[in-house]
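The structure file work_7.csv is reproduced below (CSV, C-alpha atoms).
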```csv
chain,number,residue,atom,x,y,z
B,1,MET,CA,98.9,61.9,91.6
B,2,PHE,CA,96.4,64.8,91.0
B,3,ASP,CA,95.9,66.0,87.4
B,4,LEU,CA,96.6,69.8,87.4
B,5,LYS,CA,93.8,70.3,84.8
B,6,HIS,CA,91.4,68.7,87.3
B,7,LEU,CA,92.7,70.9,90.1
B,8,GLN,CA,92.4,74.1,88.0
B,9,ALA,CA,88.9,73.1,87.0
B,10,PHE,CA,87.9,72.7,90.6
B,11,VAL,CA,89.4,76.0,91.7
B,12,VAL,CA,87.6,77.9,88.9
B,13,LEU,CA,84.4,76.1,89.7
B,14,ALA,CA,84.7,77.0,93.4
B,15,ASP,CA,85.2,80.6,92.5
B,16,ARG,CA,82.3,80.8,90.0
B,17,MET,CA,79.9,78.4,91.6
B,18,HIS,CA,78.3,77.7,88.3
B,19,PHE,CA,79.3,74.9,85.9
B,20,GLY,CA,78.4,76.9,82.7
B,21,ARG,CA,80.3,80.0,83.7
B,22,ALA,CA,83.3,78.0,84.9
B,23,ALA,CA,83.4,76.0,81.7
B,24,LYS,CA,83.3,79.1,79.6
B,25,LEU,CA,86.2,80.7,81.6
B,26,LEU,CA,88.3,77.5,81.2
B,27,GLY,CA,87.5,77.3,77.5
B,28,ILE,CA,86.0,73.8,77.7
B,29,SER,CA,82.5,72.3,77.4
B,30,GLN,CA,80.3,71.9,80.5
B,31,SER,CA,80.4,68.1,80.0
B,32,THR,CA,84.2,68.1,80.0
B,33,LEU,CA,84.2,70.1,83.2
B,34,SER,CA,81.8,67.7,84.8
B,35,THR,CA,84.0,64.8,83.9
B,36,GLN,CA,87.1,66.5,85.3
B,37,ILE,CA,85.3,67.2,88.6
B,38,ARG,CA,84.1,63.6,88.7
B,39,LEU,CA,87.6,62.2,88.1
B,40,LEU,CA,89.0,64.5,90.9
B,41,GLU,CA,86.3,63.2,93.3
B,42,GLU,CA,87.2,59.6,92.4
B,43,GLU,CA,90.8,60.4,93.2
B,44,LEU,CA,89.8,62.0,96.5
B,45,GLY,CA,87.2,59.4,97.4
B,46,GLY,CA,84.4,61.8,98.0
B,47,ALA,CA,82.3,64.6,96.5
B,48,VAL,CA,83.7,68.2,96.5
B,49,VAL,CA,80.6,69.8,95.1
B,50,ASN,CA,77.0,69.5,96.4
B,51,ARG,CA,74.9,69.1,93.3
B,52,SER,CA,71.6,68.3,95.0
B,53,ASN,CA,70.7,71.9,95.9
B,54,ARG,CA,69.4,74.6,93.5
B,55,THR,CA,72.3,76.7,94.7
B,56,MET,CA,75.6,74.9,94.2
B,57,ALA,CA,77.9,74.7,97.3
B,58,LEU,CA,81.1,73.1,98.2
B,59,THR,CA,81.0,70.0,100.5
B,60,PRO,CA,83.0,70.0,103.7
B,61,LEU,CA,85.6,68.0,101.7
B,62,GLY,CA,85.6,70.5,98.9
B,63,GLU,CA,86.0,73.5,101.3
B,64,THR,CA,89.0,71.8,102.9
B,65,PHE,CA,90.6,70.7,99.7
B,66,LEU,CA,90.2,74.1,97.9
B,67,ALA,CA,93.1,75.7,99.8
B,68,ASP,CA,95.3,72.6,99.1
B,69,ALA,CA,94.4,72.7,95.4
B,70,GLN,CA,95.3,76.4,95.2
B,71,ARG,CA,98.7,75.7,96.9
B,72,ILE,CA,99.5,72.8,94.6
B,73,LEU,CA,98.7,75.0,91.5
B,74,ALA,CA,100.7,77.9,92.9
B,75,MET,CA,103.7,75.6,93.5
B,76,ALA,CA,103.4,74.1,90.0
B,77,GLU,CA,103.3,77.6,88.5
B,78,CYS,CA,106.3,78.7,90.6
B,79,ALA,CA,108.2,75.6,89.5
B,80,ARG,CA,107.5,76.4,85.8
B,81,HIS,CA,108.7,80.0,86.3
B,82,ASN,CA,111.8,78.8,88.2
B,83,ALA,CA,112.7,76.4,85.4
B,84,ASP,CA,112.3,79.2,82.8
B,85,ASP,CA,114.5,81.4,84.8
B,86,ILE,CA,117.3,78.8,85.0
B,87,LEU,CA,117.0,77.9,81.3
B,88,ASN,CA,116.8,81.5,80.0
B,89,GLY,CA,118.9,83.3,82.5
B,90,THR,CA,116.1,85.8,83.0
B,91,ALA,CA,112.3,86.0,83.0
B,92,SER,CA,110.6,87.7,80.0
B,93,THR,CA,107.4,88.5,81.8
B,94,LEU,CA,106.6,89.4,85.5
B,95,ARG,CA,103.0,89.6,86.6
B,96,VAL,CA,102.6,92.3,89.4
B,97,GLY,CA,99.4,93.0,91.3
B,98,VAL,CA,99.0,96.5,92.8
B,99,CYS,CA,96.3,98.3,94.8
B,100,ALA,CA,95.2,101.9,94.4
B,101,ALA,CA,97.3,103.2,97.3
B,102,THR,CA,100.5,101.8,95.9
B,103,ILE,CA,99.8,103.7,92.7
B,104,SER,CA,98.7,106.9,94.5
B,105,SER,CA,101.9,106.9,96.6
B,106,GLY,CA,104.0,107.1,93.5
B,107,LEU,CA,106.0,104.1,94.5
B,108,PHE,CA,104.8,101.7,91.8
B,109,GLY,CA,105.4,104.3,89.0
B,110,THR,CA,109.0,104.8,90.2
B,111,VAL,CA,109.6,101.0,90.4
B,112,LEU,CA,108.2,100.6,87.0
B,113,ARG,CA,110.5,103.2,85.5
B,114,GLU,CA,113.5,101.8,87.3
B,115,ALA,CA,112.7,98.2,86.3
B,116,ARG,CA,112.5,99.2,82.6
B,117,SER,CA,116.0,100.8,82.9
B,118,ARG,CA,117.6,98.0,84.9
B,119,PHE,CA,115.9,95.0,83.2
B,120,PRO,CA,115.3,96.0,79.5
B,121,SER,CA,114.3,92.5,78.5
B,122,LEU,CA,111.6,92.3,81.2
B,123,THR,CA,108.0,93.0,80.5
B,124,ILE,CA,105.9,93.8,83.6
B,125,ILE,CA,102.2,93.0,83.3
B,126,ALA,CA,100.5,94.9,86.1
B,127,GLU,CA,96.9,94.6,87.3
B,128,GLU,CA,95.1,96.8,89.8
B,129,ALA,CA,92.8,95.1,92.2
B,130,PRO,CA,91.7,95.2,95.9
B,131,PRO,CA,94.2,93.8,98.3
B,132,ALA,CA,92.3,90.6,99.2
B,133,THR,CA,91.8,89.8,95.6
B,134,LEU,CA,95.5,90.3,95.0
B,135,ALA,CA,96.3,87.9,97.9
B,136,LYS,CA,94.0,85.3,96.4
B,137,ARG,CA,95.6,85.7,93.0
B,138,LEU,CA,99.1,85.4,94.5
B,139,ALA,CA,98.1,82.1,96.3
B,140,GLU,CA,96.6,80.8,93.0
B,141,GLY,CA,99.8,81.6,91.1
B,142,SER,CA,98.0,84.1,88.8
B,143,ILE,CA,100.5,86.9,89.8
B,144,ASP,CA,104.1,86.6,90.8
B,145,VAL,CA,104.4,89.6,93.1
B,146,MET,CA,101.9,92.0,94.8
B,147,MET,CA,102.6,95.5,96.0
B,148,SER,CA,99.6,96.5,98.2
B,149,ILE,CA,98.2,97.5,101.5
B,150,THR,CA,98.2,94.3,103.5
B,151,PHE,CA,96.3,95.6,106.6
B,152,GLY,CA,93.5,93.1,107.4
B,153,VAL,CA,94.4,90.8,104.6
B,154,ARG,CA,94.9,87.0,105.2
B,155,PHE,CA,97.0,84.8,102.9
B,156,ASP,CA,96.1,81.3,102.0
B,157,ALA,CA,99.7,80.2,101.4
B,158,PRO,CA,103.1,80.9,103.0
B,159,VAL,CA,104.6,84.2,101.8
B,160,VAL,CA,107.6,86.4,102.2
B,161,MET,CA,106.6,89.9,102.9
B,162,GLN,CA,108.5,93.1,103.2
B,163,THR,CA,106.9,96.3,104.3
B,164,ILE,CA,107.4,99.2,101.9
B,165,GLY,CA,105.5,101.9,103.7
B,166,ARG,CA,102.9,102.7,106.3
B,167,CYS,CA,100.1,105.1,106.7
B,168,PRO,CA,97.1,105.5,109.0
B,169,PRO,CA,93.6,104.6,107.9
B,170,VAL,CA,91.0,107.3,107.4
B,171,LEU,CA,87.3,106.9,108.1
B,172,LEU,CA,85.1,108.5,105.5
B,173,ALA,CA,81.5,109.6,105.9
B,174,ALA,CA,79.1,111.9,104.0
B,175,ALA,CA,79.2,115.6,105.0
B,176,ASP,CA,75.9,115.4,106.8
B,177,SER,CA,76.4,111.8,108.3
B,178,PRO,CA,76.0,111.4,112.0
B,179,CYS,CA,78.9,108.9,111.9
B,180,ILE,CA,81.2,111.8,112.7
B,181,THR,CA,80.2,114.2,115.4
B,182,PRO,CA,80.2,118.0,114.8
B,183,ASP,CA,83.5,118.3,116.7
B,184,GLY,CA,85.2,115.7,114.5
B,185,GLN,CA,85.0,112.6,116.7
B,186,LEU,CA,83.8,109.1,115.7
B,187,ASN,CA,80.2,108.3,116.7
B,188,MET,CA,80.8,104.6,117.5
B,189,ASP,CA,77.1,103.9,118.3
B,190,VAL,CA,76.1,105.1,114.8
B,191,LEU,CA,79.0,103.4,113.1
B,192,ARG,CA,78.1,100.0,114.7
B,193,HIS,CA,74.8,100.2,112.9
B,194,SER,CA,76.1,101.6,109.7
B,195,ASP,CA,76.9,99.8,106.4
B,196,PHE,CA,80.5,99.9,105.3
B,197,MET,CA,81.9,100.1,101.8
B,198,ILE,CA,84.6,97.5,101.3
B,199,PHE,CA,87.3,97.7,98.7
B,200,GLU,CA,86.6,94.1,97.4
B,201,SER,CA,84.2,92.5,94.9
B,202,ARG,CA,84.8,88.8,94.5
B,203,HIS,CA,86.5,87.4,97.5
B,204,ASP,CA,86.1,87.4,101.3
B,205,SER,CA,86.1,90.9,102.7
B,206,PRO,CA,89.4,92.0,104.3
B,207,TYR,CA,89.2,92.6,108.1
B,208,VAL,CA,89.8,96.3,107.9
B,209,VAL,CA,86.9,97.5,109.9
B,210,ASP,CA,87.3,94.8,112.5
B,211,ASN,CA,91.0,95.6,113.0
B,212,ALA,CA,90.6,99.4,112.9
B,213,LEU,CA,87.4,99.9,114.9
B,214,GLY,CA,87.1,96.7,116.9
B,215,PHE,CA,83.8,95.5,115.7
B,216,THR,CA,82.4,93.6,112.7
B,217,PRO,CA,80.3,95.8,110.4
B,218,LYS,CA,76.5,95.3,110.4
B,219,ALA,CA,76.7,94.9,106.7
B,220,VAL,CA,79.2,95.4,103.9
B,221,ILE,CA,78.8,96.5,100.3
B,222,LYS,CA,81.7,95.1,98.2
B,223,LEU,CA,83.0,97.5,95.5
B,224,SER,CA,86.0,97.0,93.2
B,225,SER,CA,86.8,100.7,92.7
B,226,LEU,CA,88.0,103.2,95.2
B,227,ARG,CA,86.1,105.9,93.3
B,228,LEU,CA,82.9,103.9,93.6
B,229,ILE,CA,83.5,103.6,97.4
B,230,ILE,CA,83.9,107.4,97.7
B,231,GLU,CA,80.8,108.1,95.7
B,232,TYR,CA,78.7,105.7,97.7
B,233,VAL,CA,80.0,107.4,100.9
B,234,ARG,CA,79.3,110.9,99.4
B,235,GLN,CA,75.7,109.9,98.8
B,236,GLY,CA,75.2,108.8,102.4
B,237,ILE,CA,75.0,105.0,101.7
B,238,GLY,CA,77.4,104.2,104.5
B,239,ALA,CA,81.0,104.7,105.8
B,240,ALA,CA,84.3,103.5,104.6
B,241,ILE,CA,87.9,103.1,105.7
B,242,ILE,CA,90.7,103.9,103.2
B,243,PRO,CA,94.5,104.4,103.4
B,244,GLN,CA,95.4,108.1,104.1
B,245,THR,CA,97.4,107.9,100.8
B,246,ASP,CA,94.2,107.8,98.9
B,247,LEU,CA,92.5,110.7,100.7
B,248,PRO,CA,93.3,113.3,98.1
B,249,ILE,CA,90.8,111.8,95.6
B,250,ALA,CA,87.9,112.0,98.1
B,251,GLY,CA,86.9,115.5,97.0
B,252,ASP,CA,83.9,117.6,98.3
B,253,GLY,CA,80.9,116.3,100.2
B,254,ILE,CA,82.9,114.0,102.5
B,255,ARG,CA,84.2,114.4,106.0
B,256,HIS,CA,87.0,112.2,107.4
B,257,VAL,CA,88.7,111.3,110.6
B,258,VAL,CA,92.4,110.1,110.5
B,259,LEU,CA,92.8,107.1,112.8
B,260,ASP,CA,96.3,108.0,114.0
B,261,ASP,CA,96.6,105.2,116.5
B,262,ILE,CA,96.2,102.6,113.7
B,263,VAL,CA,98.9,101.7,111.2
B,264,MET,CA,98.2,100.2,107.7
B,265,ASP,CA,101.2,98.4,106.3
B,266,ALA,CA,101.9,98.4,102.5
B,267,SER,CA,104.0,95.4,101.5
B,268,VAL,CA,105.7,93.7,98.6
B,269,VAL,CA,104.8,90.1,98.8
B,270,ARG,CA,105.9,86.9,97.0
B,271,LEU,CA,105.1,83.2,97.7
B,272,ALA,CA,107.7,81.6,99.9
B,273,GLU,CA,108.4,78.9,97.3
B,274,SER,CA,108.7,81.5,94.5
B,275,ASN,CA,112.5,81.4,94.2
B,276,GLY,CA,112.9,82.6,90.6
B,277,SER,CA,115.8,85.0,90.0
B,278,MET,CA,113.7,87.7,88.4
B,279,VAL,CA,111.0,87.6,91.2
B,280,LYS,CA,113.8,88.1,93.7
B,281,ALA,CA,115.5,90.8,91.7
B,282,PHE,CA,112.2,92.7,91.3
B,283,VAL,CA,111.5,92.5,95.1
B,284,ALA,CA,115.0,93.7,95.8
B,285,LEU,CA,114.5,96.6,93.4
B,286,VAL,CA,111.2,97.6,95.3
B,287,ALA,CA,113.1,97.4,98.6
B,288,GLU,CA,115.8,99.6,97.2
B,289,VAL,CA,113.4,102.2,95.8
B,290,LYS,CA,111.3,102.4,99.0
B,291,GLU,CA,114.4,103.5,100.9
B,292,ARG,CA,114.7,106.7,98.9
B,293,ARG,CA,111.8,108.4,100.8
B,294,LEU,CA,108.8,107.7,102.9
B,295,TRP,CA,106.3,107.0,100.2
B,296,PHE,CA,103.1,106.5,102.2
B,297,ARG,CA,103.5,108.7,105.3
B,298,ARG,CA,106.3,110.7,106.9
B,299,GLY,CA,107.7,109.2,110.1
B,300,CYS,CA,106.7,105.6,109.6
B,301,PRO,CA,109.8,103.3,109.3
B,302,ALA,CA,109.6,100.1,107.2
B,303,VAL,CA,110.2,96.6,108.6
B,304,ASP,CA,110.6,93.1,107.1
B,305,ALA,CA,108.6,90.0,108.0
B,306,SER,CA,107.9,86.5,106.7
B,307,ILE,CA,104.7,84.6,107.4
```
Rewrite the coordinates I just gave you, this time as structure tokens.
Amino acid sequence: MFDLKHLQAFVVLADRMHFGRAAKLLGISQSTLSTQIRLLEEELGGAVVNRSNRTMALTPLGETFLADAQRILAMAECARHNADDILNGTASTLRVGVCAATISSGLFGTVLREARSRFPSLTIIAEEAPPATLAKRLAEGSIDVMMSITFGVRFDAPVVMQTIGRCPPVLLAAADSPCITPDGQLNMDVLRHSDFMIFESRHDSPYVVDNALGFTPKAVIKLSSLRLIIEYVRQGIGAAIIPQTDLPIAGDGIRHVVLDDIVMDASVVRLAESNGSMVKAFVALVAEVKERRLWFRRGCPAVDASI
């Protein structure tokens, strides 16, 4: 039986790739962290971290086991929340992850107001982050629900997903960039050799460019703020693709092309094993509110899916 503390230590170490920084984040000494990793390796029967190189890396066993460790921790966290719901009759705190587009659309604010009225004993702790980061945090059990653009995002655990809106992506380039031709068309030859700003900072890049334009970018610059992405584009550093919902904040000095033949889904997502009554009640509230109008773009019906 795996010790959850050892699994948590390994997941944090795999994220930070540094014993000192991981130990500080966990609030333990570096020697304690080393011991926990060693005990986990003894349980597994092999090394999960390559300590021989100057730059630490996961071993093949570590890379494979990481997703399993994240799922085990997520299931344990869900079990704890489910037990609390049963014992208390309600959840006192719900952790919700949102992306910029969900806020810009006005949907999250309306849900927040409705939840306060309908569940007065519920405290919603929200965090804003890029979609791929939210997907990772959901799989790890660090948030209970995410409301986010899910286009190009891959999930590391089984989830239940309900679409809450749709909008086309928009390609941004500097006003004088050759990425967009004078007549407002995409210059694909230039774009294939351009850097792309990606709304992500810590985790694997979402596959937005690949899915929207059909090629893998030459290079990506990961940024955790949509405003930073827009400023980089404005200064001619490269191009970016954002949801049309976020276009109003682009401002001057930027040209754009709406990719009308592509659809970006925004979804409310929970883990498949997250069966707590408050999680389900919140997701049901989001589904109810999203029916009141088309939050992200007119003429795009919502659909439901599980993956």
### Message
When you look at B:Lys280 with a cut-off of 12 Å (counting all atoms listed in the file), what residues show up, excluding the ones that are within fewer than 3 positions of it in the same chain? I need them as number ranges by chain.
### Response
B: 82, 85, 90-91, 94, 144-145, 160-162, 268-277, 283-287
Residues within 12 Å of B:Asp183, please, as a short mmCIF file (atom, residue, chain, number, x, y, z; two decimals) with C-alpha atoms, in the coordinates of the input. Count only C-alpha atoms; anything in the same chain fewer than 4 positions from it doesn't count.
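Listed below is the output, around-v3.cif:
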```cif
data_model
loop_
_atom_site.label_atom_id
_atom_site.label_comp_id
_atom_site.auth_asym_id
_atom_site.auth_seq_id
_atom_site.Cartn_x
_atom_site.Cartn_y
_atom_site.Cartn_z
CA PRO B 178 76.00 111.40 112.00
CA CYS B 179 78.90 108.90 111.90
CA ASN B 187 80.20 108.30 116.70
CA ARG B 255 84.20 114.40 106.00
CA HIS B 256 87.00 112.20 107.40
CA VAL B 257 88.70 111.30 110.60
#
```
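Shell of B:Val233 at 7 Å, with only C-alpha atoms counted and residues fewer than 6 places along the chain excluded, is B:Leu172, B:Ala173, B:Ala174, B:Ala239, B:Ala240.
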### Message
Taking 4 positions as the minimum chain separation for residues in the same chain, which residues sit within 9 Å of B:Phe199 when counting only C-alpha atoms? Answer as an MDAnalysis selection string.
### Response
chainID B and resid 129:132 205:206 221:226 229 240:242
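Residue nearest B:Arg192 within the list B:Thr102, B:Thr216, B:Gln244, B:Ser121: B:Thr216 [criterion: smallest interatomic distance, all atoms listed in the file].
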### Shell around B:Ala76 at 12 Å using only C-alpha atoms, local window under 3 positions removed, as a list in words
Phe2, Asp3, Leu4, Lys5, Leu7, Gln8, Ala69, Gln70, Arg71, Ile72, Leu73, Ala79, Arg80, His81, Asn82, Ala83, Ala139, Glu140, Gly141, Ser142, Glu273 and Ser274 of chain B
Using all atoms listed in the file, list the residues that have an atom at most 12 Å from (94.8, 92.5, 86.2), coordinates as in the file, as a tab-separated table (two decimals) with C-alpha atoms, keeping the file's coordinate frame.
```
chain	number	residue	atom	x	y	z
B	95	ARG	CA	103.00	89.60	86.60
B	96	VAL	CA	102.60	92.30	89.40
B	97	GLY	CA	99.40	93.00	91.30
B	98	VAL	CA	99.00	96.50	92.80
B	99	CYS	CA	96.30	98.30	94.80
B	124	ILE	CA	105.90	93.80	83.60
B	125	ILE	CA	102.20	93.00	83.30
B	126	ALA	CA	100.50	94.90	86.10
B	127	GLU	CA	96.90	94.60	87.30
B	128	GLU	CA	95.10	96.80	89.80
B	129	ALA	CA	92.80	95.10	92.20
B	130	PRO	CA	91.70	95.20	95.90
B	133	THR	CA	91.80	89.80	95.60
B	134	LEU	CA	95.50	90.30	95.00
B	137	ARG	CA	95.60	85.70	93.00
B	138	LEU	CA	99.10	85.40	94.50
B	142	SER	CA	98.00	84.10	88.80
B	143	ILE	CA	100.50	86.90	89.80
B	144	ASP	CA	104.10	86.60	90.80
B	146	MET	CA	101.90	92.00	94.80
```
### Query
With all atoms listed in the file as the atoms that count, which of B:Val209, B:Val258, B:Val170, B:Ala23 lies nearest to B:Val153?
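For B:Val153, the nearest of the candidates is B:Val209.
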### Message
Please report the interatomic distance between atom CA of B:Tyr232 and atom CA of B:Phe196 in Å with one decimal.
### Response
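For atom CA of B:Tyr232 relative to atom CA of B:Phe196, the distance reads 9.7 Å.
The space separating atom CA of B:Ala74 from atom CA of B:Ile103 comes to 25.8 Å.
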### Query
In Å, with one decimal, what is the gap from atom CA of B:Asp68 to atom CA of B:Gln36?
17.2 Å
## Note on the structure
Among B:Thr123, B:Asn50, B:Ser34, B:Ser177, B:Gly20 is approached most closely, using only C-alpha atoms, by B:Ser34
### Query
Restricting the calculation to only C-alpha atoms, which member of B:Thr245, B:Ser267, B:Gln30, B:Gln235 is positioned closest to B:Ala101?
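So, comparing all the options, the nearest one is B:Thr245.
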